[in-house]
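Structure data follow from structure.cif (mmCIF, C-alpha atoms):
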```
data_data
#
loop_
_atom_site.label_atom_id
_atom_site.label_comp_id
_atom_site.auth_asym_id
_atom_site.auth_seq_id
_atom_site.Cartn_x
_atom_site.Cartn_y
_atom_site.Cartn_z
CA MET A 300 -4.11 -13.20 -31.23
CA SER A 301 -3.45 -16.21 -33.43
CA ASP A 302 -0.49 -18.50 -32.74
CA SER A 303 1.11 -17.78 -36.10
CA ILE A 304 1.16 -14.02 -35.43
CA GLU A 305 2.55 -14.60 -31.96
CA LYS A 306 5.30 -16.85 -33.33
CA ARG A 307 6.14 -14.32 -36.04
CA HIS A 308 6.28 -11.51 -33.50
CA SER A 309 8.48 -13.55 -31.19
CA LYS A 310 10.95 -14.28 -34.00
CA LEU A 311 11.02 -10.66 -35.09
CA LEU A 312 11.50 -9.52 -31.52
CA GLU A 313 14.49 -11.83 -31.18
CA LEU A 314 16.03 -10.02 -34.14
CA VAL A 315 15.09 -6.64 -32.66
CA SER A 316 16.79 -7.67 -29.42
CA GLU A 317 19.92 -8.59 -31.36
CA ASP A 318 19.75 -5.21 -33.01
CA TYR A 319 19.42 -3.62 -29.59
CA ASP A 320 22.51 -5.46 -28.34
CA ALA A 321 24.44 -4.29 -31.41
CA THR A 322 23.31 -0.70 -30.80
CA ARG A 323 24.34 -0.87 -27.15
CA ALA A 324 27.77 -2.22 -28.08
CA PHE A 325 28.07 0.51 -30.71
CA ILE A 326 27.19 3.23 -28.18
CA ASP A 327 29.68 1.79 -25.65
CA SER A 328 32.52 1.84 -28.17
CA VAL A 329 31.72 5.39 -29.32
CA VAL A 330 31.56 6.60 -25.71
CA ARG A 331 34.94 4.98 -24.99
CA THR A 332 36.48 6.67 -28.04
CA SER A 333 34.98 10.05 -27.07
CA THR A 334 36.36 9.73 -23.56
CA ALA A 335 39.82 8.96 -24.94
CA ILE A 336 39.65 11.95 -27.31
CA ARG A 337 38.60 14.21 -24.45
CA SER A 338 41.40 13.00 -22.17
CA VAL A 339 44.07 13.47 -24.83
CA GLY A 340 42.54 16.79 -25.90
CA VAL A 341 42.56 18.24 -22.38
CA THR A 342 46.13 17.05 -21.75
CA VAL A 343 47.45 18.48 -25.04
CA ALA A 344 45.55 21.77 -24.67
CA LEU A 345 46.70 22.29 -21.07
CA ALA A 346 50.29 21.48 -22.04
CA PHE A 347 50.20 24.12 -24.78
CA LEU A 348 48.50 26.70 -22.57
CA GLY A 349 50.79 25.98 -19.61
CA TYR A 350 53.87 26.34 -21.77
CA GLY A 351 52.46 29.50 -23.39
CA VAL A 352 51.84 31.14 -20.03
CA ALA A 353 55.12 30.00 -18.43
CA HIS A 354 57.19 31.28 -21.35
CA SER A 355 54.89 34.19 -22.26
CA SER A 356 54.55 32.73 -25.74
CA PHE A 357 51.55 34.04 -27.63
CA ALA A 358 52.18 31.60 -30.52
CA VAL A 359 52.11 28.53 -28.24
CA ALA A 360 48.95 29.78 -26.52
CA VAL A 361 47.31 30.17 -29.94
CA CYS A 362 48.44 26.62 -30.79
CA GLY A 363 46.65 25.57 -27.59
CA LEU A 364 43.46 27.20 -28.87
CA ALA A 365 43.87 25.46 -32.24
CA ALA A 366 44.36 22.12 -30.47
CA ILE A 367 41.18 22.67 -28.47
CA LEU A 368 39.20 23.40 -31.65
CA LEU A 369 40.66 20.32 -33.35
CA PHE A 370 39.74 18.05 -30.43
CA LEU A 371 36.33 19.71 -30.20
CA TYR A 372 35.74 18.78 -33.84
CA LEU A 373 36.88 15.17 -33.29
CA ASP A 374 34.79 14.88 -30.14
CA ALA A 375 31.73 16.42 -31.80
CA TYR A 376 32.08 14.02 -34.73
CA HIS A 377 31.92 11.11 -32.29
CA GLY A 378 29.15 12.90 -30.42
CA TRP A 379 27.15 12.95 -33.67
CA ILE A 380 27.74 9.21 -34.15
CA TYR A 381 26.74 8.65 -30.53
CA ASP A 382 23.53 10.61 -31.13
CA GLN A 383 22.61 8.27 -33.97
CA GLY A 384 23.12 5.29 -31.70
CA ARG A 385 21.15 6.95 -28.92
CA ARG A 386 18.19 7.71 -31.20
CA ARG A 387 18.26 4.20 -32.59
CA ALA A 388 18.33 2.71 -29.10
CA ARG A 389 15.27 4.82 -28.23
CA LYS A 390 13.41 3.57 -31.29
CA ILE A 391 14.19 -0.04 -30.45
CA GLU A 392 13.19 0.47 -26.83
CA LYS A 393 9.85 1.78 -28.05
CA ILE A 394 9.28 -1.50 -29.88
CA LEU A 395 10.29 -3.51 -26.83
CA ARG A 396 8.04 -1.31 -24.71
CA MET A 397 5.14 -2.12 -27.06
CA ARG A 398 5.81 -5.81 -26.54
CA TYR A 399 5.86 -5.28 -22.79
CA ARG A 400 2.63 -3.31 -23.03
CA GLN A 401 1.01 -5.98 -25.21
CA ILE A 402 1.80 -8.70 -22.68
CA GLU A 403 1.16 -6.65 -19.54
CA ALA A 404 -2.06 -4.96 -20.64
CA GLY A 405 -3.43 -8.01 -22.45
CA GLU A 406 -7.08 -7.48 -23.30
CA ASP A 407 -7.00 -4.07 -21.61
CA GLU A 408 -5.25 -2.79 -24.72
CA PRO A 409 -7.03 -4.28 -27.75
CA GLN A 410 -4.74 -2.41 -30.13
CA GLY A 411 -1.58 -3.83 -28.52
CA THR A 412 -0.91 -6.45 -31.19
CA ALA A 413 -1.76 -4.13 -34.10
CA ASP A 414 0.51 -1.39 -32.71
CA LEU A 415 3.34 -3.87 -32.25
CA GLU A 416 2.81 -5.17 -35.77
CA GLN A 417 3.14 -1.65 -37.18
CA ALA A 418 6.23 -0.89 -35.13
CA LEU A 419 7.89 -4.13 -36.22
CA ALA A 420 7.02 -3.45 -39.85
CA ALA A 421 8.55 0.04 -39.66
CA HIS A 422 11.75 -1.09 -37.97
CA GLU A 423 14.91 -0.76 -40.04
CA PHE A 424 17.17 -3.64 -39.11
CA GLY A 425 20.94 -3.15 -38.84
CA GLN A 426 22.83 -0.63 -36.72
CA TYR A 427 25.55 0.07 -39.28
CA LEU A 428 23.22 0.14 -42.29
CA ALA A 429 21.19 2.81 -40.54
CA LEU A 430 24.13 5.20 -40.09
CA GLU A 431 23.75 8.46 -41.97
CA SER A 432 26.49 9.95 -44.12
CA PHE A 433 28.42 12.75 -42.50
CA LYS A 434 27.77 16.43 -43.19
CA ILE A 435 29.34 19.31 -41.27
CA LYS A 436 25.96 20.70 -40.22
CA ALA A 437 25.17 17.34 -38.60
CA LEU A 438 27.66 18.28 -35.86
CA LYS A 439 24.97 20.37 -34.19
CA ARG A 440 23.31 17.08 -33.26
CA ALA A 441 26.38 16.03 -31.28
CA ARG A 442 25.63 14.87 -27.74
CA PRO A 443 26.03 15.22 -24.78
CA ARG A 444 25.79 18.99 -25.09
CA PRO A 445 26.64 19.91 -21.47
CA VAL A 446 30.08 18.33 -22.00
CA TYR A 447 30.79 20.46 -25.05
CA PHE A 448 29.60 23.68 -23.46
CA GLY A 449 31.17 22.98 -20.07
CA LEU A 450 34.47 21.37 -21.00
CA TYR A 451 35.36 22.96 -24.33
CA GLY A 452 33.76 26.29 -23.39
CA SER A 453 36.04 26.48 -20.34
CA LEU A 454 39.09 25.40 -22.34
CA ILE A 455 38.44 28.01 -25.02
CA LEU A 456 38.05 30.76 -22.40
CA LEU A 457 41.23 29.54 -20.74
CA ALA A 458 43.08 29.59 -24.07
CA ILE A 459 41.90 33.15 -24.81
CA ALA A 460 42.99 34.26 -21.34
CA ALA A 461 46.37 32.52 -21.80
CA ALA A 462 46.88 34.14 -25.23
CA ILE A 463 46.06 37.61 -23.82
CA PHE A 464 48.35 37.04 -20.86
CA ALA A 465 51.17 35.88 -23.15
CA ALA A 466 50.69 38.84 -25.49
CA VAL A 467 50.67 41.38 -22.63
CA THR A 468 53.66 39.94 -20.75
CA MET B 13 -18.40 13.42 -6.55
CA PRO B 14 -18.84 11.82 -9.99
CA LEU B 15 -17.92 13.51 -13.24
CA ALA B 16 -20.42 16.16 -14.35
CA ASP B 17 -22.26 15.27 -17.55
CA ASP B 18 -21.01 18.42 -19.25
CA ILE B 19 -19.82 18.29 -22.85
CA GLU B 20 -17.43 21.17 -22.12
CA LEU B 21 -14.93 18.50 -21.01
CA LEU B 22 -14.45 17.43 -24.64
CA ARG B 23 -14.65 20.88 -26.21
CA ARG B 24 -10.98 21.22 -27.07
CA PRO B 25 -10.29 18.12 -29.23
CA ILE B 26 -13.72 18.15 -30.84
CA GLY B 27 -13.50 21.90 -31.53
CA PHE B 28 -10.06 21.35 -33.01
CA ALA B 29 -11.31 18.59 -35.31
CA VAL B 30 -14.52 20.38 -36.32
CA GLY B 31 -12.60 23.59 -37.06
CA ILE B 32 -10.20 21.85 -39.42
CA ASN B 33 -12.86 19.65 -41.01
CA ARG B 34 -14.88 22.75 -41.92
CA GLU B 35 -12.03 24.12 -44.03
CA GLU B 36 -12.05 23.03 -47.65
CA THR B 37 -8.30 23.14 -47.95
CA ILE B 38 -5.81 22.99 -45.14
CA GLU B 39 -2.08 23.28 -44.75
CA VAL B 40 -1.42 19.80 -43.37
CA ALA B 41 2.06 20.52 -41.96
CA GLU B 42 0.81 23.69 -40.24
CA GLN B 43 -2.10 21.87 -38.61
CA ARG B 44 0.01 18.91 -37.54
CA VAL B 45 2.30 21.25 -35.63
CA ARG B 46 -0.73 22.23 -33.51
CA LEU B 47 -1.38 18.64 -32.40
CA PRO B 48 0.97 18.62 -29.37
CA GLY B 49 -1.14 21.50 -27.97
CA LEU B 50 -3.85 18.89 -27.36
CA LEU B 51 -1.67 17.18 -24.77
CA GLN B 52 -2.74 19.96 -22.43
CA PHE B 53 -6.34 18.82 -22.92
CA VAL B 54 -5.32 15.24 -22.07
CA ARG B 55 -3.74 16.45 -18.86
CA THR B 56 -6.93 18.23 -17.74
CA PHE B 57 -9.14 15.41 -18.96
CA ALA B 58 -7.09 12.73 -17.20
CA SER B 59 -7.00 14.67 -13.98
CA GLU B 60 -10.81 15.21 -14.01
CA VAL B 61 -11.77 11.66 -14.96
CA LEU B 62 -9.28 9.93 -12.68
CA GLU B 63 -10.12 12.05 -9.69
CA LYS B 64 -13.89 12.06 -10.02
CA GLU B 65 -14.53 8.57 -11.38
CA PHE B 66 -11.61 6.54 -10.06
CA ALA B 67 -10.82 8.47 -6.84
CA MET B 68 -7.22 8.94 -7.85
CA THR B 69 -5.44 12.28 -7.65
CA ILE B 70 -2.56 12.61 -10.04
CA GLU B 71 0.53 14.61 -9.30
CA GLY B 72 3.76 14.84 -11.22
CA TYR B 73 2.27 14.66 -14.69
CA PRO B 74 3.22 12.80 -16.85
CA HIS B 75 5.94 10.60 -15.29
CA ALA B 76 4.43 9.94 -11.86
CA ALA B 77 0.91 9.98 -13.29
CA VAL B 78 1.62 7.21 -15.76
CA THR B 79 2.95 4.95 -13.00
CA LYS B 80 -0.10 5.58 -10.82
CA THR B 81 -2.50 5.03 -13.70
CA ARG B 82 -0.83 1.72 -14.58
CA GLN B 83 -1.18 0.64 -10.96
CA LEU B 84 -4.81 1.69 -11.00
CA ARG B 85 -5.44 -0.39 -14.12
CA ALA B 86 -3.82 -3.41 -12.45
CA THR B 87 -5.98 -2.87 -9.36
CA LEU B 88 -9.12 -2.64 -11.46
CA ARG B 89 -8.12 -5.82 -13.27
CA ALA B 90 -7.65 -7.62 -9.96
CA ARG B 91 -11.05 -6.37 -8.77
CA GLY B 92 -12.68 -7.53 -11.98
CA ALA B 93 -13.73 -4.06 -13.07
CA THR B 94 -15.23 -3.66 -16.52
CA GLN B 95 -12.99 -3.87 -19.54
CA THR B 96 -14.19 -0.52 -20.91
CA ALA B 97 -12.81 1.24 -17.83
CA ARG B 98 -9.47 -0.54 -18.14
CA GLN B 99 -9.29 0.20 -21.84
CA LEU B 100 -9.96 3.87 -21.16
CA LEU B 101 -7.05 3.87 -18.71
CA SER B 102 -4.86 2.19 -21.33
CA ALA B 103 -5.55 5.05 -23.75
CA LEU B 104 -4.69 7.57 -21.03
CA ILE B 105 -1.48 5.72 -20.19
CA ASP B 106 -0.40 5.81 -23.84
CA LEU B 107 -1.07 9.54 -24.04
CA MET B 108 0.83 10.21 -20.81
CA GLU B 109 3.78 8.26 -22.19
CA THR B 110 3.55 10.26 -25.40
CA GLU B 111 3.70 13.50 -23.44
CA ALA B 112 6.77 12.25 -21.59
CA GLU B 113 8.40 11.45 -24.93
CA TYR B 114 7.41 14.83 -26.30
CA GLU B 115 9.07 16.55 -23.36
CA ASP B 116 12.28 14.64 -24.09
CA ALA B 117 12.39 15.41 -27.82
CA SER B 118 12.69 19.03 -28.87
CA PRO B 119 12.34 19.88 -32.61
CA GLU B 120 16.02 20.72 -33.08
CA ASP B 121 16.90 17.47 -31.34
CA ASP B 122 15.12 15.13 -33.62
CA PRO B 123 12.54 16.09 -36.24
CA ASP B 124 11.70 12.41 -36.92
CA GLU B 125 10.84 11.86 -33.29
CA GLN B 126 8.64 14.96 -33.35
CA GLU B 127 6.78 13.60 -36.36
CA ASN B 128 6.29 10.26 -34.64
CA VAL B 129 4.90 12.04 -31.59
CA ARG B 130 2.40 13.93 -33.78
CA ASP B 131 1.32 10.69 -35.45
CA SER B 132 0.85 9.11 -32.05
CA ILE B 133 -1.24 12.02 -30.79
CA LEU B 134 -3.47 11.79 -33.85
CA VAL B 135 -4.10 8.09 -33.32
CA LEU B 136 -4.30 8.14 -29.54
CA ILE B 137 -6.74 11.02 -29.13
CA GLY B 138 -9.10 9.25 -31.55
CA ARG B 139 -8.66 6.12 -29.47
CA LEU B 140 -9.27 8.03 -26.24
CA LEU B 141 -12.53 9.48 -27.57
CA GLU B 142 -13.70 6.03 -28.71
CA ARG B 143 -12.95 4.42 -25.38
CA PHE B 144 -14.36 7.31 -23.41
CA ALA B 145 -17.58 7.10 -25.46
CA ALA B 146 -17.89 3.38 -24.68
CA TRP B 147 -17.09 3.83 -21.01
CA ALA B 148 -19.35 6.88 -20.52
CA LYS B 149 -22.23 4.99 -22.15
CA GLU B 150 -21.66 2.07 -19.83
CA THR B 151 -21.65 4.19 -16.68
CA GLY B 152 -25.22 5.29 -17.34
CA HIS B 153 -24.78 8.69 -15.67
CA LEU B 154 -22.95 10.43 -18.52
CA PRO B 155 -25.33 10.28 -21.51
CA GLU B 156 -24.47 13.75 -22.86
CA LEU B 157 -20.75 13.11 -22.67
CA ALA B 158 -21.16 9.69 -24.27
CA SER B 159 -22.98 11.08 -27.27
CA GLU B 160 -20.60 14.06 -27.56
CA ALA B 161 -17.63 11.69 -27.47
CA GLN B 162 -19.25 9.62 -30.22
CA ARG B 163 -19.61 12.77 -32.32
CA GLY B 164 -15.98 13.50 -31.52
CA VAL B 165 -14.92 10.07 -32.78
CA GLU B 166 -16.53 10.74 -36.16
CA GLN B 167 -14.98 14.19 -36.42
CA TRP B 168 -11.63 12.85 -35.31
CA HIS B 169 -11.61 10.10 -37.96
CA LEU B 170 -12.26 12.72 -40.63
CA LEU B 171 -9.48 14.88 -39.23
CA ALA B 172 -7.01 11.97 -39.03
CA ASP B 173 -7.68 11.09 -42.68
CA ARG B 174 -6.93 14.65 -43.72
CA LEU B 175 -3.83 15.11 -41.58
CA GLN B 176 -2.31 11.79 -42.56
CA GLN B 177 -2.55 12.43 -46.30
#
```
Output the structure of this file as structure tokens.
Amino acid sequence: MSDSIEKRHSKLLELVSEDYDATRAFIDSVVRTSTAIRSVGVTVALAFLGYGVAHSSFAVAVCGLAAILLFLYLDAYHGWIYDQGRRRARKIEKILRMRYRQIEAGEDEPQGTADLEQALAAHEFGQYLALESFKIKALKRARPRPVYFGLYGSLILLAIAAAIFAAVT
Amino acid sequence: MPLADDIELLRRPIGFAVGINREETIEVAEQRVRLPGLLQFVRTFASEVLEKEFAMTIEGYPHAAVTKTRQLRATLRARGATQTARQLLSALIDLMETEAEYEDASPEDDPDEQENVRDSILVLIGRLLERFAAWAKETGHLPELASEAQRGVEQWHLLADRLQQ
């Protein structure tokens, strides 16, 4: 590999590393926001459901269900943003992995430099420029799924049970 | 026991390429979707070659296998083994990593990632055939496989041109 290519790759990889740092910071902030939304959502929903059950109020229990759905939407929106960051981080890690492979394998991988060149050429710089515009159907890409199914699934079941209990009593 | 000089080992990717190349017109998207099926061939191929030629049994494919194969390549490098052998291992390592990525990315998760995996498979299987042809020729005891792999390389280049249009 010529020195000029190596220098160019090194400079580009510095920028890619900066991009990676920006993506990591972006993911951290989205995760913090999601956690806050979840904490507030659970507190509000349980307050509604608790009040609904204690006072046999069907209306309050239904408000609890509505609150859960609202917080689910807010959480899923952030989950979708998180997914974009996660996918971007994976793409950047692939480039960094190619650099690692190029250095580690050396002449054992004659395509190492060419593969890295292609990956660097295809990279779209800028975490915020790469964000997609929001569409409702994009919410199905929200992550992490086990949290939505486990947490909000349980809350919804609880809200339905509370509403039935309030209606019956 | 060394690898048997039996062209059956390469039947799957070469048959795949020949079958598509015979067709005058093909549905590119439909054929590309079939590419990940070839990762199963890589698994069998890697296990045969590594066990019989490099005395290494692989378990826990692809994650554990990729680690062991990297270590094997480093060992061969330290022992001053031929570059063709190490380059063959590099192609296998890349394919194992691709399989690991493929396992992590389901179509509904990320269609872009799926497309990238298909592109990688197309490039890497061609590369594997090329390096296997060079290595098999060098060993001296696999002439049939070497010439079959060379035929595979030609067929695979034709296939890659068609599927990347």
query = Between A:Val315, A:Ala441, A:Ala466, A:Leu456, which one has atoms that come closest to chain B, using all atoms listed in the file?
reply = A:Ala441
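For the pair CA of Ala158 in chain B and CA of Gln401 in chain A, the separation is 27.2 Å.
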ask   = What's the 12 Å shell around Asp106 in chain B, counting all atoms listed in the file, without same-chain residues fewer than 2 positions away, as an NGL selection string?
value = (:A and (393 or 396-397 or 400-401 or 404 or 408 or 410-411 or 414)) or (:B and (51 or 54 or 58 or 74-75 or 77-79 or 81-82 or 99-104 or 108-113 or 129 or 132-133 or 135-137 or 139-140))
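Comparing A:His354, A:Arg387, A:Lys434, A:Lys310 by their smallest distance to chain B, the closest is A:Arg387 (using all atoms listed in the file).
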Might you pull out every residue within 10 Å of Leu345 in chain A, with only C-alpha atoms counted and same-chain residues fewer than 6 positions away left off, and present them as a PDB file with C-alpha atoms, in the coordinates of the input?
```pdb
ATOM      1  CA  VAL A 339      44.070  13.470 -24.830  1.00  0.00           C
ATOM      2  CA  GLY A 351      52.460  29.500 -23.390  1.00  0.00           C
ATOM      3  CA  ALA A 360      48.950  29.780 -26.520  1.00  0.00           C
ATOM      4  CA  GLY A 363      46.650  25.570 -27.590  1.00  0.00           C
ATOM      5  CA  LEU A 364      43.460  27.200 -28.870  1.00  0.00           C
ATOM      6  CA  ALA A 366      44.360  22.120 -30.470  1.00  0.00           C
ATOM      7  CA  ILE A 367      41.180  22.670 -28.470  1.00  0.00           C
ATOM      8  CA  LEU A 454      39.090  25.400 -22.340  1.00  0.00           C
ATOM      9  CA  LEU A 457      41.230  29.540 -20.740  1.00  0.00           C
ATOM     10  CA  ALA A 458      43.080  29.590 -24.070  1.00  0.00           C
TER      11      ALA A 458
END
```
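Run against this file, the PyMOL selection byres ((chain B and resi 165) around 10) gives back B:Pro25, B:Ile26, B:Ala29, B:Ile137, B:Gly138, B:Arg139, B:Leu140, B:Leu141, B:Glu142, B:Arg143, B:Phe144, B:Ala145, B:Ser159, B:Glu160, B:Ala161, B:Gln162, B:Arg163, B:Gly164, B:Glu166, B:Gln167, B:Trp168, B:His169, B:Leu170, B:Leu171.
Comparing B:Gln52, B:Gln83, B:Gln95, B:Gln43 by their smallest distance to chain A, the closest is B:Gln95 (using only C-alpha atoms).
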task = Just say which residues the PyMOL selection byres ((chain A) within 9 of (chain B)) picks in this file, as a PyMOL selection string.
result = chain A and resi 386+390+404+406-409+440
task = Could you give me, as number ranges by chain, the residues within 9 Å of Arg130 in chain B, counting all atoms listed in the file and dropping anything in the same chain fewer than 3 positions from it?
result = B: 44-48, 125-127, 133-135
Write the residues of the selection above to a file with C-alpha atoms, as a compact mmCIF listing (two decimals), keeping the file's coordinate frame.
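Written output follows (part_9.txt):
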```txt
# COMPACT_ATOMS: atom_id res chain seq x y z
CA ARG B 44 0.01 18.91 -37.54
CA VAL B 45 2.30 21.25 -35.63
CA ARG B 46 -0.73 22.23 -33.51
CA LEU B 47 -1.38 18.64 -32.40
CA PRO B 48 0.97 18.62 -29.37
CA GLU B 125 10.84 11.86 -33.29
CA GLN B 126 8.64 14.96 -33.35
CA GLU B 127 6.78 13.60 -36.36
CA ILE B 133 -1.24 12.02 -30.79
CA LEU B 134 -3.47 11.79 -33.85
CA VAL B 135 -4.10 8.09 -33.32
```
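As for CA of Leu450 in chain A and CA of Val341 in chain A, they are spaced 8.8 Å apart.
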inquiry  = Quick check on the file I pasted: which residues fall under the PyMOL selection byres ((chain B and resi 60-69) around 6)? Write them as a ChimeraX atom specification.
reply    = /B:13-15,57-59,70
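If you look at CA of Tyr73 in chain B and CA of Arg55 in chain B, they are 7.5 Å away from each other.
Using only C-alpha atoms, the shortest contact distance between Asp374 in chain A and any of A:Ala421, A:Leu438, A:Ile463, A:Leu428 is found at A:Leu438.
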inquiry  = So that I can check the surroundings of Ile326 in chain A, please list as an NGL selection string every protein, DNA and RNA residue that reaches within 7 Å of it, counting all atoms listed in the file and ignoring chain neighbours fewer than 3 positions away.
reply    = :A and (322-323 or 329-330 or 381 or 384)
For C-alpha atoms, I'd like the residues from the last selection saved as a compact mmCIF listing (two decimals), in the coordinates of the input.
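The result, stored in result-v4.txt:
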```
# COMPACT_ATOMS: atom_id res chain seq x y z
CA THR A 322 23.31 -0.70 -30.80
CA ARG A 323 24.34 -0.87 -27.15
CA VAL A 329 31.72 5.39 -29.32
CA VAL A 330 31.56 6.60 -25.71
CA TYR A 381 26.74 8.65 -30.53
CA GLY A 384 23.12 5.29 -31.70
```
What would range 129-153 of chain B look like with N, CA and C atoms restored, written as a PDB file, in the coordinates of the input?
```
ATOM      1  N   VAL B 129       5.743  11.615 -32.705  1.00  0.00           N
ATOM      2  CA  VAL B 129       4.900  12.040 -31.590  1.00  0.00           C
ATOM      3  C   VAL B 129       3.573  12.582 -32.128  1.00  0.00           C
ATOM      4  N   ARG B 130       3.646  13.376 -33.202  1.00  0.00           N
ATOM      5  CA  ARG B 130       2.400  13.930 -33.780  1.00  0.00           C
ATOM      6  C   ARG B 130       1.504  12.812 -34.309  1.00  0.00           C
ATOM      7  N   ASP B 131       2.107  11.831 -34.961  1.00  0.00           N
ATOM      8  CA  ASP B 131       1.320  10.690 -35.450  1.00  0.00           C
ATOM      9  C   ASP B 131       0.639   9.976 -34.286  1.00  0.00           C
ATOM     10  N   SER B 132       1.414   9.814 -33.207  1.00  0.00           N
ATOM     11  CA  SER B 132       0.850   9.110 -32.050  1.00  0.00           C
ATOM     12  C   SER B 132      -0.324   9.883 -31.468  1.00  0.00           C
ATOM     13  N   ILE B 133      -0.165  11.214 -31.378  1.00  0.00           N
ATOM     14  CA  ILE B 133      -1.240  12.020 -30.790  1.00  0.00           C
ATOM     15  C   ILE B 133      -2.511  11.879 -31.629  1.00  0.00           C
ATOM     16  N   LEU B 134      -2.327  11.903 -32.935  1.00  0.00           N
ATOM     17  CA  LEU B 134      -3.470  11.790 -33.850  1.00  0.00           C
ATOM     18  C   LEU B 134      -4.225  10.477 -33.624  1.00  0.00           C
ATOM     19  N   VAL B 135      -3.466   9.413 -33.507  1.00  0.00           N
ATOM     20  CA  VAL B 135      -4.100   8.090 -33.320  1.00  0.00           C
ATOM     21  C   VAL B 135      -4.681   7.973 -31.915  1.00  0.00           C
ATOM     22  N   LEU B 136      -3.895   8.408 -30.925  1.00  0.00           N
ATOM     23  CA  LEU B 136      -4.300   8.140 -29.540  1.00  0.00           C
ATOM     24  C   LEU B 136      -5.464   8.992 -29.063  1.00  0.00           C
ATOM     25  N   ILE B 137      -5.578  10.224 -29.572  1.00  0.00           N
ATOM     26  CA  ILE B 137      -6.740  11.020 -29.130  1.00  0.00           C
ATOM     27  C   ILE B 137      -8.021  10.430 -29.719  1.00  0.00           C
ATOM     28  N   GLY B 138      -7.946   9.936 -30.956  1.00  0.00           N
ATOM     29  CA  GLY B 138      -9.100   9.250 -31.550  1.00  0.00           C
ATOM     30  C   GLY B 138      -9.482   8.041 -30.711  1.00  0.00           C
ATOM     31  N   ARG B 139      -8.446   7.318 -30.288  1.00  0.00           N
ATOM     32  CA  ARG B 139      -8.660   6.120 -29.470  1.00  0.00           C
ATOM     33  C   ARG B 139      -9.260   6.497 -28.104  1.00  0.00           C
ATOM     34  N   LEU B 140      -8.769   7.588 -27.543  1.00  0.00           N
ATOM     35  CA  LEU B 140      -9.270   8.030 -26.240  1.00  0.00           C
ATOM     36  C   LEU B 140     -10.759   8.386 -26.339  1.00  0.00           C
ATOM     37  N   LEU B 141     -11.123   9.098 -27.410  1.00  0.00           N
ATOM     38  CA  LEU B 141     -12.530   9.480 -27.570  1.00  0.00           C
ATOM     39  C   LEU B 141     -13.413   8.240 -27.731  1.00  0.00           C
ATOM     40  N   GLU B 142     -12.927   7.278 -28.504  1.00  0.00           N
ATOM     41  CA  GLU B 142     -13.700   6.030 -28.710  1.00  0.00           C
ATOM     42  C   GLU B 142     -13.930   5.307 -27.388  1.00  0.00           C
ATOM     43  N   ARG B 143     -12.843   5.193 -26.629  1.00  0.00           N
ATOM     44  CA  ARG B 143     -12.950   4.420 -25.380  1.00  0.00           C
ATOM     45  C   ARG B 143     -13.734   5.190 -24.322  1.00  0.00           C
ATOM     46  N   PHE B 144     -13.595   6.515 -24.364  1.00  0.00           N
ATOM     47  CA  PHE B 144     -14.360   7.310 -23.410  1.00  0.00           C
ATOM     48  C   PHE B 144     -15.852   7.203 -23.745  1.00  0.00           C
ATOM     49  N   ALA B 145     -16.171   7.215 -25.040  1.00  0.00           N
ATOM     50  CA  ALA B 145     -17.580   7.100 -25.460  1.00  0.00           C
ATOM     51  C   ALA B 145     -18.162   5.772 -24.945  1.00  0.00           C
ATOM     52  N   ALA B 146     -17.404   4.700 -25.121  1.00  0.00           N
ATOM     53  CA  ALA B 146     -17.890   3.380 -24.680  1.00  0.00           C
ATOM     54  C   ALA B 146     -18.041   3.324 -23.165  1.00  0.00           C
ATOM     55  N   TRP B 147     -17.058   3.879 -22.474  1.00  0.00           N
ATOM     56  CA  TRP B 147     -17.090   3.830 -21.010  1.00  0.00           C
ATOM     57  C   TRP B 147     -18.218   4.715 -20.452  1.00  0.00           C
ATOM     58  N   ALA B 148     -18.323   5.944 -21.014  1.00  0.00           N
ATOM     59  CA  ALA B 148     -19.350   6.880 -20.520  1.00  0.00           C
ATOM     60  C   ALA B 148     -20.748   6.301 -20.738  1.00  0.00           C
ATOM     61  N   LYS B 149     -20.933   5.614 -21.869  1.00  0.00           N
ATOM     62  CA  LYS B 149     -22.230   4.990 -22.150  1.00  0.00           C
ATOM     63  C   LYS B 149     -22.518   3.909 -21.108  1.00  0.00           C
ATOM     64  N   GLU B 150     -21.495   3.168 -20.779  1.00  0.00           N
ATOM     65  CA  GLU B 150     -21.660   2.070 -19.830  1.00  0.00           C
ATOM     66  C   GLU B 150     -21.979   2.547 -18.417  1.00  0.00           C
ATOM     67  N   THR B 151     -21.417   3.712 -18.043  1.00  0.00           N
ATOM     68  CA  THR B 151     -21.650   4.190 -16.680  1.00  0.00           C
ATOM     69  C   THR B 151     -23.120   4.523 -16.426  1.00  0.00           C
ATOM     70  N   GLY B 152     -23.798   4.974 -17.484  1.00  0.00           N
ATOM     71  CA  GLY B 152     -25.220   5.290 -17.340  1.00  0.00           C
ATOM     72  C   GLY B 152     -25.490   6.690 -16.814  1.00  0.00           C
ATOM     73  N   HIS B 153     -24.499   7.341 -16.182  1.00  0.00           N
ATOM     74  CA  HIS B 153     -24.780   8.690 -15.670  1.00  0.00           C
ATOM     75  C   HIS B 153     -24.115   9.798 -16.506  1.00  0.00           C
TER      76      HIS B 153
END
```
